[in-house]
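File shown: target.txt (compact mmCIF, C-alpha atoms and all ligand atoms).
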```
# COMPACT_ATOMS: atom_id res chain seq x y z
CA MET M 968 -6.20 -15.53 -17.15
CA PRO M 969 -5.91 -11.87 -18.09
CA PHE M 970 -3.83 -9.57 -16.00
CA HIS M 971 -5.94 -7.96 -13.30
CA SER M 972 -6.37 -4.26 -13.32
CA SER M 973 -8.55 -2.91 -10.58
CA GLY M 974 -9.48 0.13 -12.58
CA PRO M 975 -6.83 2.68 -11.66
CA LEU M 976 -5.42 2.89 -15.19
CA PRO M 977 -6.65 6.45 -15.49
CA LYS M 978 -4.92 7.30 -12.22
CA ILE M 979 -1.50 6.32 -13.53
CA TYR M 980 -2.24 8.13 -16.75
CA ASN M 981 -3.19 11.27 -14.88
CA GLU M 982 -0.14 11.09 -12.65
CA ALA M 983 2.10 10.78 -15.64
CA MET M 984 0.39 13.68 -17.39
CA LYS M 985 0.71 15.79 -14.28
CA ASN M 986 4.42 15.15 -14.34
CA GLN M 987 4.54 16.20 -17.95
CA ALA M 988 2.68 19.39 -17.12
CA LEU M 989 5.31 20.22 -14.53
CA TYR M 990 8.05 19.74 -17.02
CA LEU M 991 6.49 22.35 -19.30
CA VAL M 992 7.41 25.02 -16.79
CA HIS M 993 11.06 24.53 -17.75
CA ASP M 994 12.71 26.55 -20.50
CA GLU M 995 14.20 24.15 -22.96
CA VAL M 996 11.60 23.00 -25.41
CA ASP M 997 13.69 20.16 -26.91
CA TYR M 998 14.16 18.74 -23.47
CA HIS M 999 10.41 18.79 -22.91
CA LEU M 1000 9.82 17.04 -26.15
CA VAL M 1001 12.18 14.23 -25.24
CA GLU M 1002 10.63 14.01 -21.78
CA LEU M 1003 7.17 13.99 -23.26
CA VAL M 1004 8.05 11.17 -25.61
CA ILE M 1005 9.58 9.23 -22.74
CA GLY M 1006 6.48 9.95 -20.66
CA ILE M 1007 4.08 8.74 -23.30
CA THR M 1008 6.23 5.68 -23.92
CA THR M 1009 6.11 4.93 -20.20
CA ILE M 1010 2.33 5.18 -20.22
CA LEU M 1011 2.12 2.92 -23.22
CA LEU M 1012 4.45 0.47 -21.51
CA TYR M 1013 2.20 0.49 -18.44
CA ILE M 1014 -0.83 -0.20 -20.57
CA TYR M 1015 1.08 -2.91 -22.38
CA ALA M 1016 2.37 -4.37 -19.13
CA MET M 1017 -1.07 -4.41 -17.59
CA SER M 1018 -2.63 -6.16 -20.51
CA SER M 1019 0.17 -8.62 -21.08
CA LEU M 1020 1.25 -9.65 -17.59
CA PRO M 1021 -0.28 -12.86 -16.28
CA SER M 1022 -1.93 -12.92 -12.86
CA ILE M 1023 0.69 -15.38 -11.67
CA ILE M 1024 4.15 -14.34 -12.69
CA THR M 1025 6.59 -17.05 -13.65
CA SER M 1026 9.06 -15.26 -15.90
CA GLN M 1027 11.86 -12.84 -15.07
CA THR M 1028 10.73 -10.30 -17.68
CA ASP M 1029 7.19 -10.18 -16.34
CA LEU M 1030 8.47 -9.93 -12.80
CA GLU M 1031 10.78 -7.01 -13.55
CA GLN M 1032 7.98 -5.26 -15.42
CA ALA M 1033 5.48 -5.70 -12.60
CA LEU M 1034 7.98 -4.68 -9.92
CA SER M 1035 8.97 -1.57 -11.86
CA ILE M 1036 5.36 -0.42 -11.77
CA ILE M 1037 5.10 -1.13 -8.04
CA ALA M 1038 8.38 0.70 -7.46
CA LYS M 1039 6.86 3.89 -8.86
CA GLY M 1040 4.20 3.95 -6.16
CA ASP M 1041 4.80 4.80 -2.53
CA VAL M 1042 2.89 1.92 -0.98
CA PHE M 1043 1.90 -1.65 -1.78
CA ALA M 1044 0.07 -4.44 -0.03
CA ILE M 1045 1.89 -7.75 0.28
CA ASP M 1046 1.03 -11.23 1.50
CA THR M 1047 2.52 -14.68 1.14
CA GLU M 1048 1.25 -18.23 1.15
CA PHE M 1049 3.54 -20.86 2.61
CA LEU M 1050 3.75 -24.31 4.12
CA ARG M 1051 5.54 -25.05 7.35
CA GLU M 1052 4.30 -28.46 8.42
CA LYS M 1053 7.16 -30.53 7.07
CA THR M 1054 10.09 -28.15 7.40
CA TYR M 1055 11.92 -26.02 9.92
CA TYR M 1056 11.90 -23.02 7.64
CA PRO M 1057 8.52 -22.09 6.15
CA GLN M 1058 8.36 -22.98 2.45
CA LEU M 1059 7.41 -19.91 0.49
CA CYS M 1060 4.81 -20.89 -2.13
CA LEU M 1061 3.33 -17.64 -3.38
CA ILE M 1062 3.86 -13.90 -3.00
CA GLN M 1063 0.94 -11.58 -3.71
CA ILE M 1064 1.31 -7.87 -4.29
CA ALA M 1065 -1.12 -5.03 -4.96
CA GLY M 1066 -0.09 -1.46 -5.52
CA ASN M 1067 0.03 1.41 -7.98
CA GLY M 1068 -2.98 0.14 -9.85
CA ILE M 1069 -1.92 -3.45 -10.42
CA HIS M 1070 -1.96 -6.70 -8.55
CA PHE M 1071 -0.30 -10.00 -9.23
CA ALA M 1072 1.13 -13.11 -7.63
CA ILE M 1073 4.72 -14.25 -7.98
CA ASP M 1074 5.49 -17.95 -8.20
CA PRO M 1075 8.67 -18.39 -6.16
CA LEU M 1076 8.73 -22.12 -6.95
CA VAL M 1077 9.77 -21.45 -10.55
CA GLU M 1078 13.33 -22.59 -10.83
CA GLY M 1079 15.81 -19.87 -11.63
CA LEU M 1080 13.39 -17.00 -11.00
CA SER M 1081 15.40 -14.34 -9.17
CA LEU M 1082 13.51 -12.44 -6.49
CA GLN M 1083 16.27 -9.87 -6.07
CA GLY M 1084 14.08 -7.14 -7.51
CA LEU M 1085 11.51 -7.83 -4.82
CA TRP M 1086 14.13 -7.92 -2.08
CA ASP M 1087 15.32 -4.49 -3.28
CA LEU M 1088 11.78 -3.16 -3.03
CA LEU M 1089 11.38 -4.60 0.46
CA ALA M 1090 14.59 -2.90 1.54
CA ASP M 1091 13.50 0.46 0.12
CA GLU M 1092 12.25 2.42 3.11
CA ARG M 1093 10.55 5.07 0.98
CA ILE M 1094 7.92 2.53 -0.02
CA THR M 1095 5.43 1.40 2.62
CA LYS M 1096 4.60 -2.32 2.74
CA VAL M 1097 1.17 -3.14 4.06
CA PHE M 1098 0.85 -6.55 5.68
CA HIS M 1099 -2.02 -8.09 7.58
CA ALA M 1100 -0.66 -9.97 10.60
CA GLY M 1101 2.69 -9.82 8.85
CA ARG M 1102 4.85 -11.54 11.40
CA GLN M 1103 5.09 -14.88 9.60
CA ASP M 1104 5.51 -13.26 6.19
CA ILE M 1105 8.27 -11.08 7.57
CA GLU M 1106 9.88 -14.12 9.16
CA ILE M 1107 10.05 -15.75 5.73
CA PHE M 1108 11.60 -12.68 4.16
CA TYR M 1109 14.05 -12.51 7.03
CA HIS M 1110 15.06 -16.11 6.43
CA LEU M 1111 15.47 -15.57 2.68
CA THR M 1112 17.24 -12.21 2.77
CA GLY M 1113 18.72 -11.94 6.25
CA ASP M 1114 16.83 -8.70 6.74
CA VAL M 1115 13.44 -7.38 7.76
CA PRO M 1116 11.48 -5.31 5.21
CA LYS M 1117 11.65 -1.55 5.74
CA GLY M 1118 8.56 0.64 5.99
CA ILE M 1119 6.28 -1.97 7.56
CA PHE M 1120 2.61 -1.22 8.20
CA ASP M 1121 0.45 -3.93 9.72
CA SER M 1122 -3.30 -3.65 9.35
CA GLN M 1123 -3.96 -6.07 12.19
CA ILE M 1124 -2.00 -3.86 14.55
CA ALA M 1125 -3.64 -0.71 13.20
CA ALA M 1126 -7.04 -2.34 13.68
CA MET M 1127 -6.32 -2.56 17.42
CA VAL M 1128 -7.11 1.14 17.70
CA CYS M 1129 -10.14 1.06 15.41
CA GLY M 1130 -12.46 -0.75 17.79
CA LEU M 1131 -11.91 -4.13 16.15
CA GLY M 1132 -10.10 -5.67 19.08
CA ASP M 1133 -6.98 -7.75 19.35
CA GLN M 1134 -5.85 -10.03 16.49
CA VAL M 1135 -8.70 -9.23 14.16
CA GLY M 1136 -8.94 -11.56 11.17
CA TYR M 1137 -8.59 -10.36 7.59
CA ASP M 1138 -12.19 -11.27 6.77
CA LYS M 1139 -13.50 -9.20 9.66
CA LEU M 1140 -11.30 -6.28 8.66
CA VAL M 1141 -12.50 -6.44 5.06
CA HIS M 1142 -16.09 -6.66 6.19
CA HIS M 1143 -15.72 -3.73 8.56
CA PHE M 1144 -14.09 -1.37 6.06
CA LEU M 1145 -15.42 -2.52 2.69
CA GLY M 1146 -18.56 -4.46 3.56
CA HIS M 1147 -17.44 -7.50 1.54
CA THR M 1148 -17.60 -11.07 2.68
CA ILE M 1149 -14.61 -13.03 1.46
CA ASP M 1150 -14.65 -16.64 0.43
CA LYS M 1151 -12.36 -18.52 2.78
CA SER M 1152 -12.77 -21.99 1.30
CA SER M 1153 -9.31 -21.95 -0.29
CA ARG M 1154 -7.55 -20.92 2.90
CA PHE M 1155 -6.14 -24.34 3.77
CA THR M 1156 -5.33 -25.60 0.32
CA ASP M 1157 -1.94 -26.93 -0.70
CA TRP M 1158 -0.11 -23.85 -1.90
CA SER M 1159 2.84 -25.84 -3.21
CA LYS M 1160 0.71 -27.59 -5.83
CA ARG M 1161 1.04 -26.52 -9.46
CA PRO M 1162 -0.80 -25.33 -11.34
CA LEU M 1163 -2.81 -23.40 -8.78
CA SER M 1164 -6.50 -23.28 -9.62
CA ASP M 1165 -8.14 -20.00 -10.60
CA LYS M 1166 -10.05 -20.19 -7.35
CA GLN M 1167 -6.87 -20.52 -5.28
CA LEU M 1168 -5.28 -17.69 -7.16
CA SER M 1169 -8.20 -15.33 -6.81
CA TYR M 1170 -8.45 -16.16 -3.10
CA ALA M 1171 -4.75 -15.42 -2.69
CA LEU M 1172 -4.99 -12.16 -4.64
CA ASP M 1173 -7.99 -11.02 -2.60
CA ASP M 1174 -5.65 -10.99 0.38
CA VAL M 1175 -3.82 -8.01 -1.08
CA ILE M 1176 -6.44 -6.36 -3.29
CA HIS M 1177 -8.68 -5.44 -0.36
CA LEU M 1178 -5.73 -4.74 1.90
CA GLU M 1179 -4.49 -2.05 -0.47
CA LYS M 1180 -7.89 -0.36 -0.35
CA ILE M 1181 -8.17 -0.59 3.44
CA TYR M 1182 -4.76 0.92 4.06
CA PRO M 1183 -5.73 4.57 3.42
CA MET M 1184 -8.85 4.08 5.56
CA LEU M 1185 -6.79 2.83 8.48
CA CYS M 1186 -4.37 5.72 8.01
CA GLU M 1187 -7.24 8.15 8.15
CA VAL M 1188 -8.38 6.80 11.51
CA LEU M 1189 -4.85 6.77 12.90
CA GLU M 1190 -4.25 10.35 11.83
CA LYS M 1191 -7.63 11.81 12.65
CA GLU M 1192 -7.71 10.26 16.10
CA ASN M 1193 -4.02 10.79 16.67
CA LYS M 1194 -3.45 7.13 17.44
CA LEU M 1195 -0.22 6.50 15.58
CA GLU M 1196 1.66 6.70 18.86
CA TRP M 1197 -0.64 4.06 20.38
CA ILE M 1198 0.52 1.28 18.09
CA LYS M 1199 4.19 2.27 17.95
CA ASP M 1200 5.37 -0.41 20.40
CA GLU M 1201 3.56 -3.20 18.57
CA VAL M 1202 4.94 -2.13 15.19
CA LYS M 1203 8.43 -1.89 16.65
CA VAL M 1204 8.31 -5.55 17.64
CA ILE M 1205 7.39 -6.91 14.22
CA ALA M 1206 9.90 -4.59 12.52
CA ALA M 1207 12.79 -5.61 14.79
CA LEU M 1208 15.49 -8.03 13.65
CA GLU M 1209 15.63 -9.53 17.15
CA THR M 1210 12.08 -10.75 16.77
CA TYR M 1211 13.17 -13.13 14.02
CA ALA M 1212 16.78 -13.95 14.85
CA ILE M 1213 16.94 -17.27 16.66
CA ASP M 1214 19.58 -17.95 19.29
CA PRO M 1215 19.60 -21.74 19.83
CA GLU M 1216 20.84 -21.20 23.39
CA GLN M 1217 17.64 -19.35 24.21
CA THR M 1218 15.15 -21.71 22.57
CA TYR M 1219 14.48 -23.63 25.81
CA LYS M 1220 12.49 -20.61 26.90
CA ARG M 1221 9.86 -21.45 24.30
CA ILE M 1222 9.19 -24.78 25.94
CA LYS M 1223 6.42 -24.83 28.52
CA LEU M 1224 8.49 -25.34 31.62
CA ARG M 1225 7.28 -27.53 34.44
CA THR M 1226 10.18 -26.87 36.75
CA ASN M 1227 12.40 -24.14 38.07
CA LYS M 1228 15.29 -26.35 39.18
CA PRO M 1229 18.49 -24.95 37.67
CA LEU M 1230 19.97 -28.44 37.09
CA ILE M 1231 17.02 -29.49 34.93
CA LEU M 1232 16.69 -26.13 33.23
CA ASN M 1233 20.35 -26.23 32.30
CA ARG M 1234 20.04 -29.66 30.71
CA LEU M 1235 16.98 -28.45 28.87
CA LYS M 1236 18.88 -25.42 27.63
CA HIS M 1237 21.65 -27.61 26.19
CA LEU M 1238 19.25 -30.15 24.72
CA ALA M 1239 17.05 -27.49 23.13
CA ALA M 1240 20.08 -25.76 21.60
CA PHE M 1241 21.20 -29.10 20.13
CA ARG M 1242 17.72 -29.74 18.74
CA GLU M 1243 17.53 -26.29 17.19
CA ILE M 1244 20.85 -26.60 15.38
CA GLU M 1245 20.07 -30.11 14.12
CA CYS M 1246 16.64 -29.00 12.87
CA GLN M 1247 18.12 -26.02 11.08
CA LYS M 1248 20.71 -28.28 9.45
CA ARG M 1249 18.10 -30.79 8.27
CA ASP M 1250 15.27 -28.29 7.73
CA LEU M 1251 13.05 -30.38 10.01
CA PRO M 1252 10.27 -29.12 12.29
CA ARG M 1253 11.36 -29.29 15.94
CA GLY M 1254 8.57 -31.65 16.93
CA ARG M 1255 9.52 -34.13 14.23
CA PHE M 1256 13.03 -34.38 15.53
CA LEU M 1257 12.46 -34.30 19.27
CA LYS M 1258 9.23 -33.32 20.95
CA ASP M 1259 9.15 -30.81 23.79
CA GLU M 1260 7.91 -33.49 26.18
CA THR M 1261 10.81 -35.76 25.23
CA LEU M 1262 13.28 -32.97 25.95
CA MET M 1263 11.58 -32.34 29.28
CA ASP M 1264 11.75 -36.04 30.21
CA LEU M 1265 15.41 -36.21 29.24
CA ALA M 1266 16.23 -33.10 31.23
CA ALA M 1267 14.28 -34.26 34.27
CA THR M 1268 15.75 -37.76 34.41
CA GLY M 1269 19.24 -36.99 33.06
CA PRO M 1270 19.90 -40.49 31.66
CA LYS M 1271 23.57 -41.46 31.48
CA THR M 1272 23.31 -44.79 29.70
CA ALA M 1273 21.74 -46.04 26.47
CA GLU M 1274 19.53 -48.27 28.58
CA ALA M 1275 18.22 -45.36 30.60
CA ILE M 1276 17.54 -43.44 27.41
CA SER M 1277 15.58 -46.32 25.93
CA LYS M 1278 13.03 -45.81 28.70
CA ILE M 1279 12.26 -42.27 27.59
CA ARG M 1280 9.09 -41.93 25.57
CA GLY M 1281 9.14 -40.38 22.13
CA LEU M 1282 12.61 -41.31 21.01
CA GLY M 1283 11.12 -43.86 18.65
CA SER M 1284 13.34 -45.63 16.20
CA GLN M 1285 16.20 -43.25 16.86
CA LYS M 1286 16.80 -44.53 20.35
CA ASN M 1287 19.58 -46.88 19.41
CA GLY M 1288 21.16 -44.68 16.80
CA TRP M 1289 23.70 -41.87 16.98
CA LEU M 1290 21.17 -39.79 18.89
CA THR M 1291 21.60 -41.83 22.07
CA GLY M 1292 25.32 -41.07 22.21
CA GLN M 1293 24.68 -37.41 21.43
CA ILE M 1294 22.12 -37.06 24.19
CA ILE M 1295 24.32 -38.74 26.77
CA SER M 1296 27.21 -36.45 25.98
CA ILE M 1297 25.01 -33.35 25.98
CA ILE M 1298 23.63 -34.17 29.40
CA LYS M 1299 27.13 -34.86 30.70
CA GLN M 1300 28.32 -31.56 29.25
CA ALA M 1301 25.41 -29.68 30.74
CA ASP M 1302 25.90 -31.16 34.21
CA SER M 1303 29.59 -30.35 34.24
CA ALA M 1304 29.17 -26.79 32.97
CA ASP M 1305 30.03 -23.97 35.35
CA LYS M 1306 27.08 -23.47 37.65
CA ALA M 1307 27.24 -19.73 37.12
CA SER M 1308 26.09 -20.33 33.55
CA TRP M 1309 23.01 -22.32 34.55
CA PRO M 1310 19.74 -20.61 33.86
CA LYS M 1311 17.77 -19.28 36.74
CA MET M 1312 14.06 -18.82 36.68
CA PRO M 1313 13.15 -15.23 37.38
CA GLU M 1314 12.25 -15.25 41.01
CA ARG M 1315 8.63 -14.57 41.61
CA LYS M 1316 8.49 -11.01 42.74
CA LYS M 1317 7.30 -10.97 46.28
CA THR M 1318 5.18 -7.90 45.85
CA GLU M 1319 2.09 -7.70 47.95
CA ARG M 1320 -0.82 -9.45 46.39
CA ALA M 1321 -3.19 -7.06 44.72
CA PRO M 1322 -6.48 -6.86 46.62
CA ALA M 1323 -9.02 -8.65 44.45
CA ALA M 1324 -11.60 -5.88 44.72
CA VAL M 1325 -9.18 -3.19 43.52
CA LEU M 1326 -8.08 -5.37 40.65
CA GLU M 1327 -11.67 -6.01 39.68
CA MET M 1328 -12.52 -2.30 39.71
CA LEU M 1329 -9.47 -1.53 37.55
CA ARG M 1330 -10.46 -4.24 35.10
CA VAL M 1331 -13.93 -2.77 34.73
CA LEU M 1332 -12.50 0.71 34.27
CA LEU M 1333 -10.05 -0.57 31.64
CA LYS M 1334 -12.82 -2.29 29.76
CA HIS M 1335 -14.92 0.85 29.80
CA VAL M 1336 -12.06 3.08 28.70
CA CYS M 1337 -11.09 0.71 25.89
CA GLU M 1338 -14.62 0.61 24.56
CA GLU M 1339 -14.82 4.38 24.57
CA ALA M 1340 -11.45 4.84 22.89
CA ALA M 1341 -12.02 1.88 20.51
CA VAL M 1342 -8.71 0.36 21.52
CA ALA M 1343 -7.80 -3.25 22.26
CA PRO M 1344 -7.15 -3.58 26.05
CA ARG M 1345 -3.82 -5.34 25.43
CA LEU M 1346 -2.38 -2.10 24.04
CA ILE M 1347 -3.02 -0.32 27.32
CA ALA M 1348 -2.41 -2.86 30.07
CA SER M 1349 -1.74 -6.56 30.50
CA ALA M 1350 -3.00 -8.57 33.47
CA SER M 1351 0.31 -8.08 35.27
CA ASP M 1352 0.29 -4.34 34.47
CA LEU M 1353 -3.06 -4.15 36.24
CA GLU M 1354 -1.76 -6.12 39.22
CA LEU M 1355 1.14 -3.73 39.59
CA LEU M 1356 -1.15 -0.74 39.26
CA ALA M 1357 -3.45 -2.17 41.92
CA VAL M 1358 -0.66 -2.05 44.52
CA SER M 1359 1.48 0.83 43.31
CA ASP M 1360 1.16 4.43 42.13
CA ASP M 1361 4.77 4.47 40.93
CA LYS M 1362 4.91 6.81 37.95
CA SER M 1363 7.47 4.73 36.10
CA GLN M 1364 5.03 1.95 35.21
CA PRO M 1365 4.03 2.07 31.52
CA VAL M 1366 0.35 2.46 32.36
CA LEU M 1367 1.13 5.77 34.03
CA GLN M 1368 3.07 7.18 31.09
CA GLY M 1369 2.32 8.90 27.79
CA TRP M 1370 -0.96 8.21 26.03
CA ARG M 1371 -1.71 5.28 28.33
CA TYR M 1372 -1.77 7.67 31.27
CA GLU M 1373 -4.04 10.08 29.41
CA VAL M 1374 -6.48 7.39 28.33
CA PHE M 1375 -6.47 5.11 31.36
CA GLY M 1376 -3.81 5.71 34.02
CA LYS M 1377 -5.12 9.09 35.08
CA LYS M 1378 -8.62 7.72 35.69
CA ALA M 1379 -7.24 4.62 37.38
CA LEU M 1380 -5.31 6.70 39.90
CA ALA M 1381 -8.38 8.83 40.54
CA MET M 1382 -10.43 5.71 41.09
CA LYS M 1383 -7.88 4.31 43.53
CA ALA M 1384 -7.92 7.62 45.38
CA GLY M 1385 -11.70 7.48 45.71
CA LYS M 1386 -12.30 10.40 43.35
CA ILE M 1387 -14.24 8.47 40.72
CA GLY M 1388 -17.40 6.47 41.27
CA MET M 1389 -18.98 3.82 39.16
CA ALA M 1390 -22.67 3.30 38.49
CA LEU M 1391 -24.99 1.35 36.25
CA ASN M 1392 -27.67 3.02 34.26
CA LYS M 1393 -30.01 0.90 32.11
CA GLY M 1394 -27.30 -1.69 31.67
CA GLU M 1395 -24.71 0.91 30.73
CA MET M 1396 -21.71 1.61 32.84
CA ARG M 1397 -21.10 5.17 33.94
CA PHE M 1398 -18.21 6.73 35.77
CA PHE M 1399 -18.57 10.02 37.60
CA ASP M 1400 -16.45 12.34 39.70
CA LEU M 1401 -17.03 12.20 43.42
ZN ZN E 1501 -2.79 -14.96 2.31
```

Show me this structure written as structure tokens.
Amino acid sequence: MPFHSSGPLPKIYNEAMKNQALYLVHDEVDYHLVELVIGITTILLYIYAMSSLPSIITSQTDLEQALSIIAKGDVFAIDTEFLREKTYYPQLCLIQIAGNGIHFAIDPLVEGLSLQGLWDLLADERITKVFHAGRQDIEIFYHLTGDVPKGIFDSQIAAMVCGLGDQVGYDKLVHHFLGHTIDKSSRFTDWSKRPLSDKQLSYALDDVIHLEKIYPMLCEVLEKENKLEWIKDEVKVIAALETYAIDPEQTYKRIKLRTNKPLILNRLKHLAAFREIECQKRDLPRGRFLKDETLMDLAATGPKTAEAISKIRGLGSQKNGWLTGQIISIIKQADSADKASWPKMPERKKTERAPAAVLEMLRVLLKHVCEEAAVAPRLIASASDLELLAVSDDKSQPVLQGWRYEVFGKKALAMKAGKIGMALNKGEMRFFDL
């Protein structure tokens, strides 16, 4: 398959020529000549690279060539395909990149192919990386490099202030900005299979080709409407190391808890930490090693003998193996640990219950405000934010600070104080000053 070029060849050419024009301002003619020759050679190399690179890169030379072109731009779109059903760590199967006039996929399954060049690009904060719902991709990069890419932009987050709502899908984003409908039939194919079909490959590349085009459009909205600040908190989370670093001791918090008894929670904490470490060691999905429900049953009953353990569901064939001994000793350890170290469930704050009518009015106001500002409600206030607001005017709550206050908080306070009224007019909601 020929190397894809989405038509920006002339752009690179022009850029390079512009650079040459700048050089001509200098004095030394010889120097210009050398620079000019280098410049033209670079252009020729680009043209050569674009015509000779395959759409799926499997060789080191091709990879370096493609990455060197990307490195000369200031932004690129990136996406990955992976499998995570059979392993603890997601198995990276494909990396797609579009930027600076080219797009290509990298085959990370090729033995001996070094991705160091890509890791360097990811670490380069001068170059923006555009993801769509990048959390899982970033998690993979974190696992492989120990770091989070620098210069992250996430189109799904940006879309939250473009009237597209929360967690908008890539297809919807593409349709909204470019009017295309994308073929999703390859979405759930086996990305570890080789060779990938042309259809799989073009589906995978579409994920970055359109994304690269949408990026400047999203930026325009963010800048024009001054909404960069609005998504800052969300971006911070996906760009933070802590989001991806796993502390086995804390993994019990991911389990849907059915109790708040410290004794049981503490056993669960120890058991979950054990499971996490074992799964990391064996690269096994948590559920394949020990299911959440099994951990809960073990924690709740606290078996101290092999016989007691054999009555727990979900231990399967392992119940007579080494696991039985491990579990018994973990439960013993947990029970004898200093009680001060036992987890406590955050006590339910005994704030007054928000009056239902106030809460309902605030919800309606929030909905109205979000529609007008084309922002996903989650960015402004969660359900518990609203509950707090319903009973308190305390200025320190997030809803009453910064842009949230300007967009929503201010009106909410006015409504609570009886200064704003609500009316319906031909099915449309209207708010007016009283
Ligand atoms: Zn994808």

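If all atoms listed in the file are the atoms counted, then among M:Lys1199, M:Arg1253, M:Arg1154, M:Arg1280 the closest residue to ligand ZN 1501 (chain E) is M:Arg1154.
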
Please give me, as a PyMOL selection string, the residues lying within 8 Å of ligand ZN 1501 (chain E) when counting all atoms listed in the file. chain M and resi 1046-1048+1063+1154+1170-1172+1174-1175

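Compared by their closest atoms to Leu1080 in chain M, and using only C-alpha atoms, the residues M:Thr1054, M:Thr1025, M:Thr1268, M:Gln1103 rank with M:Thr1025 nearest.
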
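If you look at CA of Leu1089 in chain M and CA of Ile1181 in chain M, they are 20.2 Å away from each other.
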
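Using all atoms listed in the file for every distance, the candidate list M:Lys1223, M:Gly1130, M:Lys1228, M:Ile1294 yields M:Lys1223 as the residue closest to Glu1260 in chain M.
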
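The space separating CA of Gly1068 in chain M from CA of Phe1043 in chain M comes to 9.6 Å.
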
Tell me, as a VMD selection string, which residues lie within 8 Å of Gln1134 in chain M, counting only C-alpha atoms; anything in the same chain fewer than 5 positions away does not count. chain M and resid 1100 1123 to 1124 1127

Restricted to C-alpha atoms, what would the selected residues look like written as a CSV table (one decimal), in the coordinates of the input?
```
chain,number,residue,atom,x,y,z
M,1100,ALA,CA,-0.7,-10.0,10.6
M,1123,GLN,CA,-4.0,-6.1,12.2
M,1124,ILE,CA,-2.0,-3.9,14.6
M,1127,MET,CA,-6.3,-2.6,17.4
```

For Glu1209 in chain M, work out the shell of residues within 12 Å, counting only C-alpha atoms and skipping chain neighbours fewer than 4 positions away, then give it as a PyMOL selection string. chain M and resi 1106+1109+1113-1115+1203-1205+1213-1214

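From CA of Ala1340 in chain M back to CA of Lys1139 in chain M, the distance works out to 19.4 Å.
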
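Across M:Ile1119, M:Leu1262, M:Ile1198, M:Leu1178, the tightest approach to Trp1370 in chain M is made by M:Ile1198 when counting only C-alpha atoms.
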
Counting only C-alpha atoms, the option among M:Lys1383, M:Arg1234, M:Lys1278, M:Arg1242 closest to Pro1322 in chain M: M:Lys1383

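Comparing M:Ala1206, M:Phe1071, M:Gly1132, M:Asp1305 by their smallest distance to Arg1345 in chain M, the closest is M:Gly1132 (using all atoms listed in the file).
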